[in-house]
There are 2 protein chains.
Amino acid sequence: MRLLTLSDGTRDGRLHQVDRDGARVLPLAEARTLQEAMDHWETVLPGLRAAQERLDADPELGEPFDPARALAPFPRACQWLDGSAFETHSLLIQRAWGLPVTGLPERPLMYQGLSDRFLPPNGVARFPSEADGIDFEGEFAVVLGDVPMGTPAEEAARHVRLVMLVNDWSLRALGPVEMATGFGWLQCKPACAAAPFAVTPDELGPAWDRARVCLPLEILRNGTPFGRANGSEMHVGFDRLIAHAAYSRDLPAGTILGSGTVANAAYAEVGSSCIAERRAIEQLEGGAATTPFLATGERVEMRARRPEGGDLFGPFIQTVQAGSGG
Amino acid sequence: MRLLTLSDGTRDGRLHQVDRDGARVLPLAEARTLQEAMDHWETVLPGLRAAQERLDADPELGEPFDPARALAPFPRACQWLDGSAFETHSLLIQRAWGLPVTGLPERPLMYQGLSDRFLPPNGVARFPSEADGIDFEGEFAVVLGDVPMGTPAEEAARHVRLVMLVNDWSLRALGPVEMATGFGWLQCKPACAAAPFAVTPDELGPAWDRARVCLPLEILRNGTPFGRANGSEMHVGFDRLIAHAAYSRDLPAGTILGSGTVANAAYAEVGSSCIAERRAIEQLEGGAATTPFLATGERVEMRARRPEGGDLFGPFIQTVQAGSGG
């Protein structure tokens with residue numbers, strides 16, 4: 001099942017389904033918004049499944065999909081938790097920044113991110129200044145149903161309802177400053193953007209495995225391939241991340257949980273999912289980081305394909321704008 | 001104007017108004033939920049004001065207020081940002097914990113907290129274990145309208161729509177562990193609780209001053225006074241906190257922004273707003289912290305009175321339950 005949210009002038013947009021080719025969309029009668037569907041999932045699921053089957057079976061049904069009308073699946077979410085679950089990424093950053101090279105700690109790394117807004121997949125991403133080191137982070141994410149406090153990792157994966165593709169925009173110059181306070185990131189982590197289609201795990205076929213999205217996350221910077229690291233090397237699966245998050249709280253339906261920057265040990269071959277990691281590699285291998293962070297007008301595209309081919313999460317190209325001008 | 005949310009079986013509850021004595025409540029026709037009112041504030045405000053005047057003028061109107069039915073004003077909010085704006089609190093913790101005694105840094109301290117759930121004001125607050133060091137934090141908070149990215153402090157205070165009283169529950173044993181990662185607090189900061197009434201700043205009269213809540217925040221532990229620190233000593237006002245938060249993002253209507261633990265230089269006289277601060281004072285003055293953190297069955301009550309007397313935020317008494325038993 002493939003859900004998306006189209007702009008209708010409201011803050012939460014209007015829930016739709018999209019056919020397998022990403023060509024036709026149909027509004028859903030079962031729920032106005034994706035959060036509403038999350039709130040009543042067990043009740044609305046049969047209707048959503050039936051509607052998807054009708055849309056996929058009848059090529060006359062629905063209207064053409066206009067990517068310019070797409071919002072993020074949750075334009076406004078109740079929770080965004082972001083892990084850092086790829087050890088290759090941690091090791092590279094630790095080595096390049098002169099930190100103790102410990103890899104990932106025993107306790108999963110995760111921060112509470114802003115969830116009040118996910119930027120639309122196609123359009124302008126605004127930031128205050130290029131001097132802040134504007135960077136993308138390609139991540140897979142899962143959307144959860146209600147997870148009771150204390151849920152162990154062995155029982156966690158069954159709470160995954162949807163899979164998403166997220167660009168966790170980051171302002172790198174502010175990162176170390178905010179990490180040093182112990183309070184975590186705030187200005188460093190503006191709103192993320194998300195690809196338009198949120199899909200049920202069965203859409204991934206065998207690529208949903210061990211609570212991991214085992215697909216390459218393709219990233220293009222101004223149309224040029226930048227990375228295609230595979231989510232399969234996630235050191236800590238979504239199951240363990242869920243259990244970590246649920247230690248001292250219930251997680252509500254509609255919680256979005258990110259994997260952190262997707263990274264592979266074969267980074268020399270597959271590239272990176274953020275500029276900071278590429279700069280770390282450059283510094284380690286050549287003594288200096290040479291790839292610049294993003295400037296106004298640059299375009300960042302992310303996508304993942306089904307195991308059998310075909311776009312999975314829909315068109316996702318953002319253009320950077322820094323400063324109040326432009 | 002005094003707004004509250006009553007349980008109606010939905011996740012977001014039903015918006016009501018309460019009379020000045022906190023005795024009678026009336027459902028509002030203008031908006032079903034407080035978030036809906038926030039989303040359309042300019043449109044619904046005249047109707048809300050008129051309804052409040054009718055309720056206050058006619059003692060026959062409405063039904064009796066049942067605190068057991070009260071939810072937090074926002075049972076599920078889109079954003080919770082929490083500052084640390086009282087220098088006395090920072091200095092005490094820094095001295096007691098052997099940190100560099102710098103007071104508050106030039107950049108305001110703030111973290112992104114979980115907003116998906118605010119616990120009801122009267123009832124049980126559940127935590128996984130007493131061993132985690134269960135503590136309360138008494139804070140004032142403001143609810144914002146839409147704040148555009150880049151709003152300066154001088155223009156920020158006019159975005160304050162409501163004032164709230166919040167108990168920022170904290171698990172102290174987890175704090176240093178999570179601060180050391182640089183990712184900030186996650187397990188350490190379970191859901192906050194909030195007093196039932198969210199009030200417009202004019203309800204505070206002269207006590208809303210310089211973007212600060214200049215009232216004592218009274219805290220009782222098991223019925224015994226624990227603290228009554230005044231919000232007037234907020235080192236960084238809500239105006240500067242808003243500007244800090246809005247540096248790299250728009251803040252959406254319904255954002256709740258906390259002051260951090262209210263603390264006064266005259267702590268010897270007025271007490272503290274959290275156990276951790278009292279323990280810090282004990283350690284500094286007597287060499288050892290003696291006040292224990294909370295155990296199952298303990299009750300925490302918070303309140304603030306109008307300058308002219310009378311409860312402002314409504315009844316707010318929570319009982320701790322640690323572990324899955326009980």
# chains A, B, ... in the order shown; residues from 1 in each chain; ligands from 1
call {"tool": "residues_around", "arguments": {"residues": "segment 35-45 of chain B", "least_positions_apart": "6", "cutoff": "7 Å", "atoms": "only C-alpha atoms", "output": "PDB file with C-alpha atoms, in the first residue's frame"}}
result
ATOM      1  CA  GLY B 145       1.287  31.433  17.338  1.00  0.00           C
ATOM      2  CA  ALA B 253       1.159  27.691  16.021  1.00  0.00           C
ATOM      3  CA  GLY B 254       0.777  25.471  19.046  1.00  0.00           C
TER       4      GLY B 254
END
call {"tool": "interface_residues", "arguments": {"of": "chain B", "to": "chain A", "cutoff": "9 Å", "atoms": "only C-alpha atoms", "output": "MDAnalysis selection string"}}
result
chainID B and resid 11 39 76:80 109:117 126:129 149:150 171 176 178:191 244:252 255 324
call {"tool": "residues_around", "arguments": {"residues": "Ile242 of chain A", "least_positions_apart": "2", "cutoff": "9 Å", "atoms": "only C-alpha atoms", "output": "PDB file with N, CA and C atoms, in the first residue's frame"}}
result
ATOM      1  N   LEU A 144       5.473   4.288  13.084  1.00  0.00           N
ATOM      2  CA  LEU A 144       5.046   3.292  14.064  1.00  0.00           C
ATOM      3  C   LEU A 144       3.576   3.417  14.420  1.00  0.00           C
ATOM      4  N   VAL A 147       3.202   2.058  20.459  1.00  0.00           N
ATOM      5  CA  VAL A 147       4.185   1.161  21.074  1.00  0.00           C
ATOM      6  C   VAL A 147       4.162   1.411  22.579  1.00  0.00           C
ATOM      7  N   THR A 151       8.389  -1.916  25.644  1.00  0.00           N
ATOM      8  CA  THR A 151       8.372  -2.947  24.594  1.00  0.00           C
ATOM      9  C   THR A 151       9.800  -3.399  24.284  1.00  0.00           C
ATOM     10  N   PRO A 152      10.072  -4.704  24.368  1.00  0.00           N
ATOM     11  CA  PRO A 152      11.433  -5.167  24.069  1.00  0.00           C
ATOM     12  C   PRO A 152      11.670  -5.259  22.552  1.00  0.00           C
ATOM     13  N   ALA A 153      12.940  -5.308  22.164  1.00  0.00           N
ATOM     14  CA  ALA A 153      13.304  -5.319  20.741  1.00  0.00           C
ATOM     15  C   ALA A 153      12.645  -6.484  20.009  1.00  0.00           C
ATOM     16  N   ALA A 156       9.257  -5.487  18.853  1.00  0.00           N
ATOM     17  CA  ALA A 156       9.130  -4.109  18.365  1.00  0.00           C
ATOM     18  C   ALA A 156       8.794  -4.018  16.884  1.00  0.00           C
ATOM     19  N   ALA A 157       9.345  -4.922  16.070  1.00  0.00           N
ATOM     20  CA  ALA A 157       9.229  -4.750  14.615  1.00  0.00           C
ATOM     21  C   ALA A 157       7.785  -4.818  14.141  1.00  0.00           C
ATOM     22  N   HIS A 159       5.370  -3.340  15.193  1.00  0.00           N
ATOM     23  CA  HIS A 159       4.713  -2.034  15.283  1.00  0.00           C
ATOM     24  C   HIS A 159       5.027  -1.136  14.092  1.00  0.00           C
ATOM     25  N   GLY A 237      19.222  -2.426  14.183  1.00  0.00           N
ATOM     26  CA  GLY A 237      17.986  -2.445  13.402  1.00  0.00           C
ATOM     27  C   GLY A 237      16.914  -1.540  14.003  1.00  0.00           C
ATOM     28  N   PHE A 238      15.874  -1.312  13.213  1.00  0.00           N
ATOM     29  CA  PHE A 238      14.771  -0.489  13.719  1.00  0.00           C
ATOM     30  C   PHE A 238      14.153  -1.116  14.958  1.00  0.00           C
ATOM     31  N   ASP A 239      14.210  -2.441  15.076  1.00  0.00           N
ATOM     32  CA  ASP A 239      13.624  -3.078  16.262  1.00  0.00           C
ATOM     33  C   ASP A 239      14.313  -2.607  17.544  1.00  0.00           C
ATOM     34  N   ARG A 240      15.649  -2.597  17.507  1.00  0.00           N
ATOM     35  CA  ARG A 240      16.371  -2.140  18.705  1.00  0.00           C
ATOM     36  C   ARG A 240      16.176  -0.638  18.927  1.00  0.00           C
ATOM     37  N   HIS A 244      14.697   1.078  22.338  1.00  0.00           N
ATOM     38  CA  HIS A 244      15.427   2.143  23.030  1.00  0.00           C
ATOM     39  C   HIS A 244      14.516   3.346  23.280  1.00  0.00           C
ATOM     40  N   ALA A 245      13.786   3.736  22.235  1.00  0.00           N
ATOM     41  CA  ALA A 245      12.921   4.916  22.354  1.00  0.00           C
ATOM     42  C   ALA A 245      11.793   4.685  23.346  1.00  0.00           C
ATOM     43  N   ALA A 246      11.329   3.447  23.450  1.00  0.00           N
ATOM     44  CA  ALA A 246      10.155   3.150  24.278  1.00  0.00           C
ATOM     45  C   ALA A 246      10.529   2.799  25.713  1.00  0.00           C
ATOM     46  N   TYR A 247      11.794   2.982  26.092  1.00  0.00           N
ATOM     47  CA  TYR A 247      12.203   2.590  27.449  1.00  0.00           C
ATOM     48  C   TYR A 247      11.380   3.304  28.523  1.00  0.00           C
ATOM     49  N   LEU A 251       5.179   5.214  22.803  1.00  0.00           N
ATOM     50  CA  LEU A 251       5.361   5.914  21.525  1.00  0.00           C
ATOM     51  C   LEU A 251       4.000   5.927  20.832  1.00  0.00           C
ATOM     52  N   LEU A 257      10.491   7.295  12.923  1.00  0.00           N
ATOM     53  CA  LEU A 257      11.777   6.924  13.510  1.00  0.00           C
ATOM     54  C   LEU A 257      12.794   6.740  12.388  1.00  0.00           C
TER      55      LEU A 257
END
call {"tool": "select_by_dssp", "arguments": {"residues": "segment 229-323 of chain B", "states": "helix (DSSP H, G or I)", "output": "PyMOL selection string"}}
result
chain B and resi 231-233+238-245+267-270+275-286
call {"tool": "write_last_selection", "arguments": {"atoms": "N, CA, C and O atoms", "output": "mmCIF file, in the first residue's frame"}}
result
data_model
loop_
_atom_site.group_PDB
_atom_site.id
_atom_site.type_symbol
_atom_site.label_atom_id
_atom_site.label_comp_id
_atom_site.auth_asym_id
_atom_site.auth_seq_id
_atom_site.Cartn_x
_atom_site.Cartn_y
_atom_site.Cartn_z
ATOM 1 N N GLY B 231 9.031 33.266 38.925
ATOM 2 C CA GLY B 231 9.468 33.291 37.534
ATOM 3 C C GLY B 231 10.109 34.598 37.105
ATOM 4 O O GLY B 231 10.674 34.681 36.010
ATOM 5 N N SER B 232 10.026 35.602 37.962
ATOM 6 C CA SER B 232 10.541 36.928 37.579
ATOM 7 C C SER B 232 12.057 36.935 37.393
ATOM 8 O O SER B 232 12.585 37.797 36.704
ATOM 9 N N GLU B 233 12.758 35.987 37.996
ATOM 10 C CA GLU B 233 14.221 35.973 37.895
ATOM 11 C C GLU B 233 14.730 35.213 36.679
ATOM 12 O O GLU B 233 15.919 34.867 36.594
ATOM 13 N N PHE B 238 11.278 34.876 27.680
ATOM 14 C CA PHE B 238 10.684 34.060 26.607
ATOM 15 C C PHE B 238 10.932 34.695 25.236
ATOM 16 O O PHE B 238 11.019 33.986 24.236
ATOM 17 N N ASP B 239 11.065 36.027 25.184
ATOM 18 C CA ASP B 239 11.316 36.676 23.892
ATOM 19 C C ASP B 239 12.635 36.187 23.284
ATOM 20 O O ASP B 239 12.694 35.831 22.098
ATOM 21 N N ARG B 240 13.689 36.159 24.104
ATOM 22 C CA ARG B 240 14.976 35.684 23.576
ATOM 23 C C ARG B 240 14.938 34.186 23.278
ATOM 24 O O ARG B 240 15.563 33.710 22.328
ATOM 25 N N LEU B 241 14.213 33.445 24.105
ATOM 26 C CA LEU B 241 14.098 32.000 23.839
ATOM 27 C C LEU B 241 13.401 31.752 22.499
ATOM 28 O O LEU B 241 13.797 30.881 21.718
ATOM 29 N N ILE B 242 12.364 32.537 22.220
ATOM 30 C CA ILE B 242 11.648 32.375 20.949
ATOM 31 C C ILE B 242 12.586 32.669 19.779
ATOM 32 O O ILE B 242 12.648 31.912 18.798
ATOM 33 N N ALA B 243 13.317 33.765 19.880
ATOM 34 C CA ALA B 243 14.226 34.136 18.787
ATOM 35 C C ALA B 243 15.276 33.049 18.571
ATOM 36 O O ALA B 243 15.633 32.716 17.430
ATOM 37 N N HIS B 244 15.777 32.478 19.661
ATOM 38 C CA HIS B 244 16.766 31.396 19.539
ATOM 39 C C HIS B 244 16.169 30.205 18.793
ATOM 40 O O HIS B 244 16.792 29.647 17.887
ATOM 41 N N ALA B 245 14.955 29.843 19.183
ATOM 42 C CA ALA B 245 14.325 28.670 18.563
ATOM 43 C C ALA B 245 14.013 28.910 17.093
ATOM 44 O O ALA B 245 14.045 27.982 16.279
ATOM 45 N N TYR B 267 17.291 30.948 47.215
ATOM 46 C CA TYR B 267 16.794 29.574 47.313
ATOM 47 C C TYR B 267 16.714 29.090 48.758
ATOM 48 O O TYR B 267 15.908 28.237 49.088
ATOM 49 N N ALA B 268 17.550 29.641 49.597
ATOM 50 C CA ALA B 268 17.505 29.223 51.005
ATOM 51 C C ALA B 268 16.143 29.562 51.605
ATOM 52 O O ALA B 268 15.656 28.870 52.497
ATOM 53 N N GLU B 269 15.554 30.613 51.088
ATOM 54 C CA GLU B 269 14.261 31.051 51.608
ATOM 55 C C GLU B 269 13.091 30.428 50.845
ATOM 56 O O GLU B 269 12.115 29.977 51.455
ATOM 57 N N VAL B 270 13.188 30.404 49.511
ATOM 58 C CA VAL B 270 12.019 29.998 48.716
ATOM 59 C C VAL B 270 12.036 28.527 48.308
ATOM 60 O O VAL B 270 11.035 28.014 47.803
ATOM 61 N N ILE B 275 14.004 18.312 42.591
ATOM 62 C CA ILE B 275 14.774 17.643 43.643
ATOM 63 C C ILE B 275 16.265 17.756 43.353
ATOM 64 O O ILE B 275 17.081 17.932 44.264
ATOM 65 N N ALA B 276 16.653 17.668 42.078
ATOM 66 C CA ALA B 276 18.082 17.715 41.726
ATOM 67 C C ALA B 276 18.725 18.996 42.248
ATOM 68 O O ALA B 276 19.861 18.972 42.737
ATOM 69 N N GLU B 277 18.008 20.112 42.153
ATOM 70 C CA GLU B 277 18.583 21.370 42.636
ATOM 71 C C GLU B 277 18.718 21.355 44.153
ATOM 72 O O GLU B 277 19.720 21.792 44.700
ATOM 73 N N ARG B 278 17.708 20.825 44.843
ATOM 74 C CA ARG B 278 17.823 20.751 46.304
ATOM 75 C C ARG B 278 19.001 19.853 46.703
ATOM 76 O O ARG B 278 19.753 20.175 47.630
ATOM 77 N N ARG B 279 19.160 18.758 45.997
ATOM 78 C CA ARG B 279 20.285 17.858 46.290
ATOM 79 C C ARG B 279 21.622 18.561 46.030
ATOM 80 O O ARG B 279 22.587 18.358 46.764
ATOM 81 N N ALA B 280 21.659 19.401 44.988
ATOM 82 C CA ALA B 280 22.886 20.153 44.711
ATOM 83 C C ALA B 280 23.201 21.096 45.870
ATOM 84 O O ALA B 280 24.349 21.195 46.317
ATOM 85 N N ILE B 281 22.171 21.767 46.382
ATOM 86 C CA ILE B 281 22.366 22.690 47.512
ATOM 87 C C ILE B 281 22.855 21.915 48.733
ATOM 88 O O ILE B 281 23.790 22.331 49.431
ATOM 89 N N GLU B 282 22.244 20.760 48.990
ATOM 90 C CA GLU B 282 22.656 19.953 50.147
ATOM 91 C C GLU B 282 24.117 19.535 50.030
ATOM 92 O O GLU B 282 24.874 19.560 51.008
ATOM 93 N N GLN B 283 24.489 19.172 48.831
ATOM 94 C CA GLN B 283 25.868 18.728 48.631
ATOM 95 C C GLN B 283 26.840 19.879 48.845
ATOM 96 O O GLN B 283 27.882 19.728 49.483
ATOM 97 N N LEU B 284 26.475 21.061 48.332
ATOM 98 C CA LEU B 284 27.345 22.228 48.474
ATOM 99 C C LEU B 284 27.440 22.668 49.930
ATOM 100 O O LEU B 284 28.506 23.090 50.390
ATOM 101 N N GLU B 285 26.342 22.545 50.654
ATOM 102 C CA GLU B 285 26.317 23.094 52.013
ATOM 103 C C GLU B 285 26.677 22.069 53.073
ATOM 104 O O GLU B 285 27.190 22.434 54.132
ATOM 105 N N GLY B 286 26.401 20.798 52.797
ATOM 106 C CA GLY B 286 26.632 19.787 53.829
ATOM 107 C C GLY B 286 27.493 18.629 53.367
ATOM 108 O O GLY B 286 27.724 17.689 54.120
#
call {"tool": "atom_distance", "arguments": {"atom1": "atom CA of Pro315 of chain A", "atom2": "atom CA of Val143 of chain A"}}
result
19.5 Å
call {"tool": "residues_around", "arguments": {"residues": "Phe313 of chain A", "least_positions_apart": "5", "cutoff": "12 Å", "atoms": "only C-alpha atoms", "output": "PyMOL selection string"}}
result
chain A and resi 1-4+18-22+67+70+72-73+121+140-141+162-166+194-200+203-204+215+217-218+301-306
call {"tool": "atom_distance", "arguments": {"atom1": "atom CA of Ala266 of chain B", "atom2": "atom CA of His89 of chain B"}}
result
11.2 Å
call {"tool": "select_by_dssp", "arguments": {"residues": "segment 78-293 of chain B", "states": "strand (DSSP E)", "output": "ChimeraX atom specification"}}
result
/B:80-83,110-113,123-127,134-135,138-144,160-167,170-171,193-194,198-199,208-209,212-213,216-221,224-230,256-258
call {"tool": "decode", "arguments": {"residues": "segment 42-75 of chain B", "atoms": "N, CA and C atoms", "output": "mmCIF file, in the first residue's frame"}}
result
data_model
loop_
_atom_site.group_PDB
_atom_site.id
_atom_site.type_symbol
_atom_site.label_atom_id
_atom_site.label_comp_id
_atom_site.auth_asym_id
_atom_site.auth_seq_id
_atom_site.Cartn_x
_atom_site.Cartn_y
_atom_site.Cartn_z
ATOM 1 N N GLU B 42 -6.784 33.731 14.656
ATOM 2 C CA GLU B 42 -7.337 35.059 14.351
ATOM 3 C C GLU B 42 -8.833 34.953 14.054
ATOM 4 N N THR B 43 -9.212 33.874 13.411
ATOM 5 C CA THR B 43 -10.618 33.688 13.043
ATOM 6 C C THR B 43 -11.485 33.367 14.259
ATOM 7 N N VAL B 44 -10.984 32.508 15.131
ATOM 8 C CA VAL B 44 -11.835 32.033 16.231
ATOM 9 C C VAL B 44 -11.762 32.913 17.472
ATOM 10 N N LEU B 45 -10.733 33.767 17.563
ATOM 11 C CA LEU B 45 -10.512 34.516 18.802
ATOM 12 C C LEU B 45 -11.723 35.349 19.234
ATOM 13 N N PRO B 46 -12.347 36.120 18.330
ATOM 14 C CA PRO B 46 -13.507 36.910 18.784
ATOM 15 C C PRO B 46 -14.605 36.037 19.397
ATOM 16 N N GLY B 47 -14.862 34.901 18.786
ATOM 17 C CA GLY B 47 -15.876 34.001 19.319
ATOM 18 C C GLY B 47 -15.479 33.435 20.673
ATOM 19 N N LEU B 48 -14.207 33.113 20.837
ATOM 20 C CA LEU B 48 -13.732 32.584 22.116
ATOM 21 C C LEU B 48 -13.858 33.641 23.214
ATOM 22 N N ARG B 49 -13.472 34.870 22.874
ATOM 23 C CA ARG B 49 -13.568 35.963 23.865
ATOM 24 C C ARG B 49 -15.029 36.174 24.292
ATOM 25 N N ALA B 50 -15.918 36.160 23.318
ATOM 26 C CA ALA B 50 -17.338 36.386 23.623
ATOM 27 C C ALA B 50 -17.882 35.253 24.492
ATOM 28 N N ALA B 51 -17.483 34.024 24.169
ATOM 29 C CA ALA B 51 -17.952 32.878 24.957
ATOM 30 C C ALA B 51 -17.446 32.968 26.391
ATOM 31 N N GLN B 52 -16.192 33.403 26.545
ATOM 32 C CA GLN B 52 -15.628 33.546 27.894
ATOM 33 C C GLN B 52 -16.409 34.587 28.696
ATOM 34 N N GLU B 53 -16.752 35.686 28.043
ATOM 35 C CA GLU B 53 -17.512 36.734 28.748
ATOM 36 C C GLU B 53 -18.878 36.221 29.188
ATOM 37 N N ARG B 54 -19.527 35.458 28.313
ATOM 38 C CA ARG B 54 -20.835 34.901 28.682
ATOM 39 C C ARG B 54 -20.712 33.951 29.865
ATOM 40 N N LEU B 55 -19.702 33.088 29.804
ATOM 41 C CA LEU B 55 -19.519 32.110 30.890
ATOM 42 C C LEU B 55 -19.230 32.817 32.212
ATOM 43 N N ASP B 56 -18.381 33.848 32.161
ATOM 44 C CA ASP B 56 -18.020 34.555 33.391
ATOM 45 C C ASP B 56 -19.197 35.358 33.948
ATOM 46 N N ALA B 57 -20.092 35.810 33.041
ATOM 47 C CA ALA B 57 -21.180 36.690 33.479
ATOM 48 C C ALA B 57 -22.381 35.915 34.018
ATOM 49 N N ASP B 58 -22.559 34.694 33.552
ATOM 50 C CA ASP B 58 -23.779 33.954 33.871
ATOM 51 C C ASP B 58 -23.458 32.716 34.705
ATOM 52 N N PRO B 59 -23.708 32.791 36.001
ATOM 53 C CA PRO B 59 -23.349 31.675 36.890
ATOM 54 C C PRO B 59 -24.177 30.416 36.661
ATOM 55 N N GLU B 60 -25.202 30.538 35.817
ATOM 56 C CA GLU B 60 -26.023 29.359 35.513
ATOM 57 C C GLU B 60 -25.440 28.567 34.340
ATOM 58 N N LEU B 61 -24.509 29.188 33.631
ATOM 59 C CA LEU B 61 -23.997 28.589 32.404
ATOM 60 C C LEU B 61 -22.942 27.521 32.716
ATOM 61 N N GLY B 62 -22.873 26.500 31.855
ATOM 62 C CA GLY B 62 -21.827 25.494 31.972
ATOM 63 C C GLY B 62 -22.171 24.394 32.946
ATOM 64 N N GLU B 63 -21.234 23.475 33.099
ATOM 65 C CA GLU B 63 -21.410 22.370 34.037
ATOM 66 C C GLU B 63 -20.231 22.341 35.006
ATOM 67 N N PRO B 64 -20.373 21.664 36.129
ATOM 68 C CA PRO B 64 -19.278 21.663 37.115
ATOM 69 C C PRO B 64 -18.000 21.066 36.524
ATOM 70 N N PHE B 65 -16.872 21.672 36.867
ATOM 71 C CA PHE B 65 -15.577 21.182 36.402
ATOM 72 C C PHE B 65 -15.155 19.973 37.229
ATOM 73 N N ASP B 66 -14.876 18.867 36.538
ATOM 74 C CA ASP B 66 -14.405 17.645 37.193
ATOM 75 C C ASP B 66 -12.934 17.456 36.861
ATOM 76 N N PRO B 67 -12.029 17.746 37.820
ATOM 77 C CA PRO B 67 -10.587 17.645 37.537
ATOM 78 C C PRO B 67 -10.173 16.276 37.015
ATOM 79 N N ALA B 68 -10.914 15.246 37.372
ATOM 80 C CA ALA B 68 -10.553 13.900 36.913
ATOM 81 C C ALA B 68 -10.744 13.749 35.406
ATOM 82 N N ARG B 69 -11.553 14.612 34.811
ATOM 83 C CA ARG B 69 -11.770 14.552 33.354
ATOM 84 C C ARG B 69 -10.788 15.436 32.582
ATOM 85 N N ALA B 70 -9.996 16.232 33.304
ATOM 86 C CA ALA B 70 -9.106 17.180 32.626
ATOM 87 C C ALA B 70 -7.918 16.463 31.999
ATOM 88 N N LEU B 71 -7.644 16.801 30.760
ATOM 89 C CA LEU B 71 -6.390 16.407 30.110
ATOM 90 C C LEU B 71 -5.446 17.609 30.176
ATOM 91 N N ALA B 72 -4.221 17.427 29.705
ATOM 92 C CA ALA B 72 -3.364 18.584 29.514
ATOM 93 C C ALA B 72 -3.999 19.465 28.442
ATOM 94 N N PRO B 73 -3.725 20.776 28.462
ATOM 95 C CA PRO B 73 -4.324 21.649 27.430
ATOM 96 C C PRO B 73 -4.079 21.110 26.016
ATOM 97 N N PHE B 74 -2.865 20.677 25.739
ATOM 98 C CA PHE B 74 -2.554 19.956 24.502
ATOM 99 C C PHE B 74 -2.189 18.524 24.882
ATOM 100 N N PRO B 75 -3.138 17.588 24.827
ATOM 101 C CA PRO B 75 -2.783 16.195 25.143
ATOM 102 C C PRO B 75 -1.709 15.674 24.175
#
